[in-house]
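Colleague: What follows is a single structure, and I will ask about it in a moment.
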Amino acid sequence: MYSLFWPVVACALLTIGALTVLRPLAHRLGLLDIPKGRKQHQGKIPLIGGLSVFVGVSAGLLIADSTAFEHWAFIGCALVIVVLGALDDALDLSVAIRLVIQSLVAIAMMWLLDLHLAHLGNLFALGPIELGWLGPPLTIIAVIAAINAFNMTDGIDGLAGSLSLLTMLALTFFMLMWGQQDTALLPILMMAALLPYLAANLQCFGLRKVFLGDAGSMLIGLTVIWLLLQGSQSAESSFRPVTALWIIAIPLLDMTVIMIRRIRKGQSPFQADREHLHHISLRLGLAPRHALLFIIGLAGVGVSIGALAEYLLLPELLVLLLFLAVGAGYFYLLTHVWRIVSTLRRRRN
């Protein structure tokens, strides 16, 4: 197992340093979030959170072990995603360009580390369901889905970072408890880098606000799917594939519901709107911090269900059916939320 103290300390300090150094550069590079349209914040906010997290995590990995090929592989793939996100922040790239590059990163993951979906677990108690030739294309879909799921959560202060922090905490717990101690280094470093970012994003301790930007939300999505594949598909796995659904339940369900609604309206599934869970929470009257706590609470319930099911080794089919039932309920509530609210208000009046 790696010695964690110095990599974690360096990661946190370098993230803080990057947040300071990159702030003036953001104005020169056009990495600013300017309020307009759907964006209703005040002032021009630097989009440097993701870049700073990348600097901190990369440094932490290399300090832990600069000779580890898997560390360099992750840094290389993450660099591509961060550059893609930064360019998208500055230039507003097309969906096609983003999807092509995200697909190439997924292919690189498979080629460099053989990191892919190989099986779906023992869903029917007859042995692992091997994917065979379906594994690589499904891996590409999974990578794109995870990157965009976390990208879509970045809508109110602290949400993407807090959801990511919760996910990394769950992954660290699983990996430390069930045998992947070395693999746990990455989520621990992500937490060490996310905490300074969240402090700035939420303006704690008098810090000036920064945003993750697409570079940060995409980096988080890539890291999550990277760790989910390592945690569920390797020979010394820490959790079953079905548990991964619960670890990212809220980002995954929110993205799925939104895309289905857009397709049913004849829109592009990647078209931006204000129909996400965090937008609905605000329109229902919750203050931004209350909406943040509400959604994090829901995500915590999902993670807890997955952890409990994994600890009790509940049948995987049962865990999947429970997730699908929750997903169906989530879909119904989000697609009928205003009708439900209207009915409740009429009854109360």
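FYI, nothing fancy with the structure tokens labels: chains A, B, ... in order, residues from 1 per chain, ligands from 1 as they appear.
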Could you list, as a compact mmCIF listing (two decimals) with C-alpha atoms, in the first residue's frame, every residue within 10 Å of stretch 162-177 of chain A, counting only C-alpha atoms and ignoring same-chain residues fewer than 3 positions away?

Modeller:
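That gives us around07.txt:
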```
# COMPACT_ATOMS: atom_id res chain seq x y z
CA PHE A 150 -21.67 14.41 -13.68
CA THR A 153 -25.10 17.93 -12.13
CA ASP A 154 -23.02 21.10 -12.24
CA ASP A 157 -23.04 25.91 -6.13
CA GLY A 158 -21.46 22.90 -4.48
CA LEU A 159 -23.62 20.23 -6.11
CA GLN A 180 -8.10 -2.80 -3.23
CA GLN A 181 -5.97 -0.60 -0.98
CA ASP A 182 -3.66 0.60 -3.76
CA THR A 183 -6.62 1.49 -5.98
CA ALA A 184 -8.09 3.57 -3.13
CA LEU A 185 -5.30 6.13 -3.61
CA LEU A 186 -7.11 7.84 -6.51
CA PRO A 187 -10.45 8.49 -4.77
CA ILE A 188 -8.60 9.64 -1.63
CA LEU A 189 -6.62 12.16 -3.71
CA MET A 190 -9.79 13.29 -5.44
CA MET A 191 -11.33 14.03 -2.05
CA ALA A 192 -8.21 15.92 -0.97
CA ALA A 193 -8.46 18.07 -4.12
CA LEU A 194 -12.24 18.52 -4.05
CA LEU A 195 -12.32 19.93 -0.52
CA LEU A 198 -15.64 23.23 -2.58
CA SER A 217 -17.22 17.98 -14.20
CA ILE A 220 -14.97 13.85 -12.19
CA GLY A 221 -17.12 11.72 -14.50
CA THR A 223 -12.56 9.40 -12.59
CA VAL A 224 -15.81 7.87 -11.36
CA LEU A 227 -12.86 3.65 -10.43
CA LEU A 228 -16.16 1.84 -10.96
CA GLN A 230 -11.50 -0.99 -11.40
CA GLY A 231 -13.70 -1.70 -8.40
CA GLU A 236 -9.73 -8.43 -6.87
CA SER A 237 -12.96 -6.49 -7.10
CA SER A 238 -14.34 -4.49 -4.16
CA PHE A 239 -18.03 -4.54 -5.10
CA ALA A 244 -22.10 0.66 -9.00
CA TRP A 246 -26.34 2.82 -6.39
CA ILE A 247 -23.00 4.59 -5.96
CA ILE A 248 -23.93 7.08 -8.72
CA ALA A 249 -27.72 6.74 -8.45
CA ILE A 250 -28.72 10.43 -8.48
CA PRO A 251 -26.45 11.63 -11.35
CA LEU A 292 -27.96 21.20 -2.21
CA LEU A 293 -28.56 19.45 1.12
CA ILE A 295 -30.05 16.31 -3.24
CA ILE A 296 -26.96 15.24 -1.32
CA GLY A 297 -29.29 13.57 1.18
CA ALA A 299 -27.61 10.60 -3.03
CA GLY A 300 -26.53 9.51 0.46
CA VAL A 303 -25.14 5.04 -1.58
CA SER A 304 -26.27 3.63 1.77
CA GLY A 306 -25.91 0.02 -2.20
CA ALA A 307 -23.46 -0.36 0.69
CA GLU A 310 -23.23 -5.23 -0.72
CA TYR A 311 -22.49 -5.89 2.96
```

Colleague: Running DSSP on the backbone, which parts of stretch 83-250 of chain A land in helix (DSSP H, G or I), as a VMD selection string?

Modeller: chain A and resid 83 to 91 95 to 113 132 to 152 159 to 177 185 to 201 204 to 206 213 to 233 241 to 247 249 to 250

Colleague: What separation in Å, quoted to one decimal, exists between atom CA of A:Phe294 and atom CA of A:Ile340?

Modeller: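 Separating atom CA of A:Phe294 from atom CA of A:Ile340 is a distance of 18.5 Å.
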
Colleague: Which polymer residues have any atom within 12 Å of an atom of A:Arg283, counting only C-alpha atoms, with same-chain residues fewer than 5 positions away left out, as a list in words?

Modeller: Arg274, Glu275, His276, Leu277, His278, Pro288, Ala291, Val337, Trp338 and Val341 of chain A

Colleague: Could you dump the residues just selected with all heavy atoms as an mmCIF file, in the first residue's frame?

Modeller:
```
data_model
loop_
_atom_site.group_PDB
_atom_site.id
_atom_site.type_symbol
_atom_site.label_atom_id
_atom_site.label_comp_id
_atom_site.auth_asym_id
_atom_site.auth_seq_id
_atom_site.Cartn_x
_atom_site.Cartn_y
_atom_site.Cartn_z
ATOM 1 N N ARG A 274 -33.572 23.650 -18.134
ATOM 2 C CA ARG A 274 -33.652 23.863 -16.689
ATOM 3 C C ARG A 274 -34.658 22.894 -16.071
ATOM 4 O O ARG A 274 -35.524 23.277 -15.286
ATOM 5 C CB ARG A 274 -34.041 25.315 -16.381
ATOM 6 C CG ARG A 274 -32.984 26.325 -16.814
ATOM 7 C CD ARG A 274 -33.367 27.732 -16.420
ATOM 8 N NE ARG A 274 -33.523 27.897 -14.992
ATOM 9 C CZ ARG A 274 -32.524 28.097 -14.138
ATOM 10 N NH1 ARG A 274 -31.271 28.144 -14.584
ATOM 11 N NH2 ARG A 274 -32.756 28.235 -12.859
ATOM 12 N N GLU A 275 -34.527 21.615 -16.442
ATOM 13 C CA GLU A 275 -35.444 20.594 -15.949
ATOM 14 C C GLU A 275 -34.755 19.561 -15.062
ATOM 15 O O GLU A 275 -35.338 18.534 -14.740
ATOM 16 C CB GLU A 275 -36.115 19.871 -17.142
ATOM 17 C CG GLU A 275 -36.966 20.784 -18.003
ATOM 18 C CD GLU A 275 -38.152 21.376 -17.244
ATOM 19 O OE1 GLU A 275 -38.664 20.690 -16.336
ATOM 20 O OE2 GLU A 275 -38.549 22.511 -17.539
ATOM 21 N N HIS A 276 -33.515 19.804 -14.685
ATOM 22 C CA HIS A 276 -32.811 18.870 -13.803
ATOM 23 C C HIS A 276 -33.388 18.942 -12.397
ATOM 24 O O HIS A 276 -34.112 19.881 -12.039
ATOM 25 C CB HIS A 276 -31.315 19.196 -13.782
ATOM 26 C CG HIS A 276 -30.610 18.897 -15.060
ATOM 27 N ND1 HIS A 276 -30.253 17.626 -15.433
ATOM 28 C CD2 HIS A 276 -30.218 19.721 -16.070
ATOM 29 C CE1 HIS A 276 -29.649 17.675 -16.621
ATOM 30 N NE2 HIS A 276 -29.623 18.922 -17.020
ATOM 31 N N LEU A 277 -33.026 17.957 -11.593
ATOM 32 C CA LEU A 277 -33.535 17.898 -10.227
ATOM 33 C C LEU A 277 -33.198 19.163 -9.456
ATOM 34 O O LEU A 277 -34.030 19.677 -8.689
ATOM 35 C CB LEU A 277 -32.962 16.662 -9.514
ATOM 36 C CG LEU A 277 -33.348 16.483 -8.046
ATOM 37 C CD1 LEU A 277 -34.854 16.359 -7.893
ATOM 38 C CD2 LEU A 277 -32.649 15.254 -7.464
ATOM 39 N N HIS A 278 -31.987 19.693 -9.636
ATOM 40 C CA HIS A 278 -31.629 20.894 -8.880
ATOM 41 C C HIS A 278 -32.426 22.115 -9.337
ATOM 42 O O HIS A 278 -32.783 22.968 -8.532
ATOM 43 C CB HIS A 278 -30.115 21.168 -8.956
ATOM 44 C CG HIS A 278 -29.543 21.178 -10.332
ATOM 45 N ND1 HIS A 278 -29.058 20.034 -10.940
ATOM 46 C CD2 HIS A 278 -29.356 22.178 -11.220
ATOM 47 C CE1 HIS A 278 -28.584 20.347 -12.138
ATOM 48 N NE2 HIS A 278 -28.763 21.640 -12.332
ATOM 49 N N PRO A 288 -30.958 27.731 -2.497
ATOM 50 C CA PRO A 288 -29.885 26.938 -3.102
ATOM 51 C C PRO A 288 -29.188 25.998 -2.132
ATOM 52 O O PRO A 288 -28.924 24.842 -2.465
ATOM 53 C CB PRO A 288 -28.926 28.014 -3.634
ATOM 54 C CG PRO A 288 -29.810 29.172 -3.948
ATOM 55 C CD PRO A 288 -30.860 29.159 -2.876
ATOM 56 N N ALA A 291 -31.544 23.159 -1.347
ATOM 57 C CA ALA A 291 -31.613 22.241 -2.485
ATOM 58 C C ALA A 291 -30.373 21.358 -2.527
ATOM 59 O O ALA A 291 -30.454 20.161 -2.796
ATOM 60 C CB ALA A 291 -31.750 23.030 -3.790
ATOM 61 N N VAL A 337 -44.092 16.194 -11.573
ATOM 62 C CA VAL A 337 -43.885 16.962 -10.351
ATOM 63 C C VAL A 337 -44.836 18.143 -10.242
ATOM 64 O O VAL A 337 -45.404 18.405 -9.173
ATOM 65 C CB VAL A 337 -42.409 17.425 -10.234
ATOM 66 C CG1 VAL A 337 -41.997 18.301 -11.400
ATOM 67 C CG2 VAL A 337 -42.184 18.125 -8.905
ATOM 68 N N TRP A 338 -45.065 18.850 -11.340
ATOM 69 C CA TRP A 338 -45.909 20.047 -11.245
ATOM 70 C C TRP A 338 -47.376 19.678 -11.081
ATOM 71 O O TRP A 338 -48.118 20.389 -10.389
ATOM 72 C CB TRP A 338 -45.696 20.922 -12.477
ATOM 73 C CG TRP A 338 -44.252 21.293 -12.610
ATOM 74 C CD1 TRP A 338 -43.403 20.967 -13.614
ATOM 75 C CD2 TRP A 338 -43.478 22.035 -11.659
ATOM 76 N NE1 TRP A 338 -42.151 21.454 -13.357
ATOM 77 C CE2 TRP A 338 -42.163 22.121 -12.179
ATOM 78 C CE3 TRP A 338 -43.770 22.639 -10.442
ATOM 79 C CZ2 TRP A 338 -41.151 22.783 -11.487
ATOM 80 C CZ3 TRP A 338 -42.754 23.297 -9.765
ATOM 81 C CH2 TRP A 338 -41.470 23.365 -10.285
ATOM 82 N N VAL A 341 -47.608 18.741 -7.384
ATOM 83 C CA VAL A 341 -47.567 19.939 -6.544
ATOM 84 C C VAL A 341 -48.881 20.704 -6.635
ATOM 85 O O VAL A 341 -49.414 21.186 -5.619
ATOM 86 C CB VAL A 341 -46.383 20.834 -6.957
ATOM 87 C CG1 VAL A 341 -46.468 22.197 -6.278
ATOM 88 C CG2 VAL A 341 -45.071 20.165 -6.608
#
```

Colleague: Could you check the closest approach to A:Leu61 for each of A:Leu123, A:Ala142, A:Ala309, A:Ala73 and tell me which residue wins, using only C-alpha atoms?

Modeller: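 Distance minimum relative to A:Leu61 lands on A:Ala73.
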
Colleague: Separation of atom CA of A:His116 and atom CA of A:Trp226, in Å?

Modeller: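 Computing the Euclidean distance for atom CA of A:His116 and atom CA of A:Trp226 yields 9.0 Å.
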
Colleague: Can you work out which one of A:Gly127, A:Pro24, A:Gly329, A:Gly50 has the shortest atom-to-atom distance to A:Val83, counting only C-alpha atoms?

Modeller: A:Gly50

Colleague: Residues at most 9 Å from A:Leu253, counting only C-alpha atoms, excluding those fewer than 3 positions away in the same chain, as a PyMOL selection string?

Modeller: chain A and resi 149+248-250+256-258+327+330-331

Colleague: Selection from above, N, CA, C and O atoms, as an mmCIF file, in the first residue's frame, can you write it?

Modeller:
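Final output, saved to part-v5.cif:
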```cif
data_model
loop_
_atom_site.group_PDB
_atom_site.id
_atom_site.type_symbol
_atom_site.label_atom_id
_atom_site.label_comp_id
_atom_site.auth_asym_id
_atom_site.auth_seq_id
_atom_site.Cartn_x
_atom_site.Cartn_y
_atom_site.Cartn_z
ATOM 1 N N ALA A 149 -23.150 12.503 -17.146
ATOM 2 C CA ALA A 149 -24.024 12.510 -15.969
ATOM 3 C C ALA A 149 -23.511 13.501 -14.931
ATOM 4 O O ALA A 149 -24.285 14.296 -14.377
ATOM 5 N N ILE A 248 -23.709 5.855 -7.933
ATOM 6 C CA ILE A 248 -23.935 7.079 -8.723
ATOM 7 C C ILE A 248 -25.416 7.224 -9.061
ATOM 8 O O ILE A 248 -25.775 7.737 -10.126
ATOM 9 N N ALA A 249 -26.291 6.818 -8.155
ATOM 10 C CA ALA A 249 -27.723 6.743 -8.453
ATOM 11 C C ALA A 249 -28.306 8.082 -8.906
ATOM 12 O O ALA A 249 -28.976 8.156 -9.950
ATOM 13 N N ILE A 250 -28.082 9.151 -8.156
ATOM 14 C CA ILE A 250 -28.720 10.428 -8.479
ATOM 15 C C ILE A 250 -28.214 11.014 -9.799
ATOM 16 O O ILE A 250 -29.024 11.371 -10.669
ATOM 17 N N THR A 256 -30.673 10.175 -17.061
ATOM 18 C CA THR A 256 -31.544 9.288 -17.829
ATOM 19 C C THR A 256 -32.932 9.885 -18.019
ATOM 20 O O THR A 256 -33.477 9.908 -19.120
ATOM 21 N N VAL A 257 -33.506 10.389 -16.920
ATOM 22 C CA VAL A 257 -34.842 10.977 -16.992
ATOM 23 C C VAL A 257 -34.858 12.189 -17.905
ATOM 24 O O VAL A 257 -35.754 12.349 -18.749
ATOM 25 N N ILE A 258 -33.855 13.057 -17.772
ATOM 26 C CA ILE A 258 -33.795 14.264 -18.589
ATOM 27 C C ILE A 258 -33.684 13.909 -20.068
ATOM 28 O O ILE A 258 -34.369 14.495 -20.921
ATOM 29 N N GLY A 327 -35.802 3.815 -9.838
ATOM 30 C CA GLY A 327 -35.675 4.609 -11.055
ATOM 31 C C GLY A 327 -37.020 4.929 -11.677
ATOM 32 O O GLY A 327 -37.252 6.048 -12.146
ATOM 33 N N TYR A 330 -38.625 7.557 -9.551
ATOM 34 C CA TYR A 330 -37.946 8.832 -9.792
ATOM 35 C C TYR A 330 -38.437 9.442 -11.106
ATOM 36 O O TYR A 330 -38.721 10.645 -11.179
ATOM 37 N N PHE A 331 -38.538 8.615 -12.131
ATOM 38 C CA PHE A 331 -39.015 9.088 -13.439
ATOM 39 C C PHE A 331 -40.435 9.639 -13.325
ATOM 40 O O PHE A 331 -40.748 10.712 -13.853
#
```

Colleague: Have a look at atom CA of A:Leu22 and atom CA of A:Leu47 and let me know their distance in Å, one decimal.

Modeller: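 Computing the Euclidean distance for atom CA of A:Leu22 and atom CA of A:Leu47 yields 9.4 Å.
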
Colleague: Could you give me, as a ChimeraX atom specification, each residue of stretch 7-156 of chain A that DSSP assigns to strand (DSSP E) when run on this structure's backbone?

Modeller: /A:32-33,45-46

Colleague: Quick one: which stretch 52-153 of chain A residues come within 6 Å of stretch 200-215 of chain A, and what is the nearest atom pair for each with the distance in Å to one decimal, counting only C-alpha atoms, rows ordered by chain and ascending number, as CSV?

Modeller:
```
residue,atom,partner,partner_atom,distance
A:Val82,CA,A:Ala215,CA,4.5
A:Gly85,CA,A:Ala215,CA,3.7
A:Ala86,CA,A:Ala215,CA,5.0
```
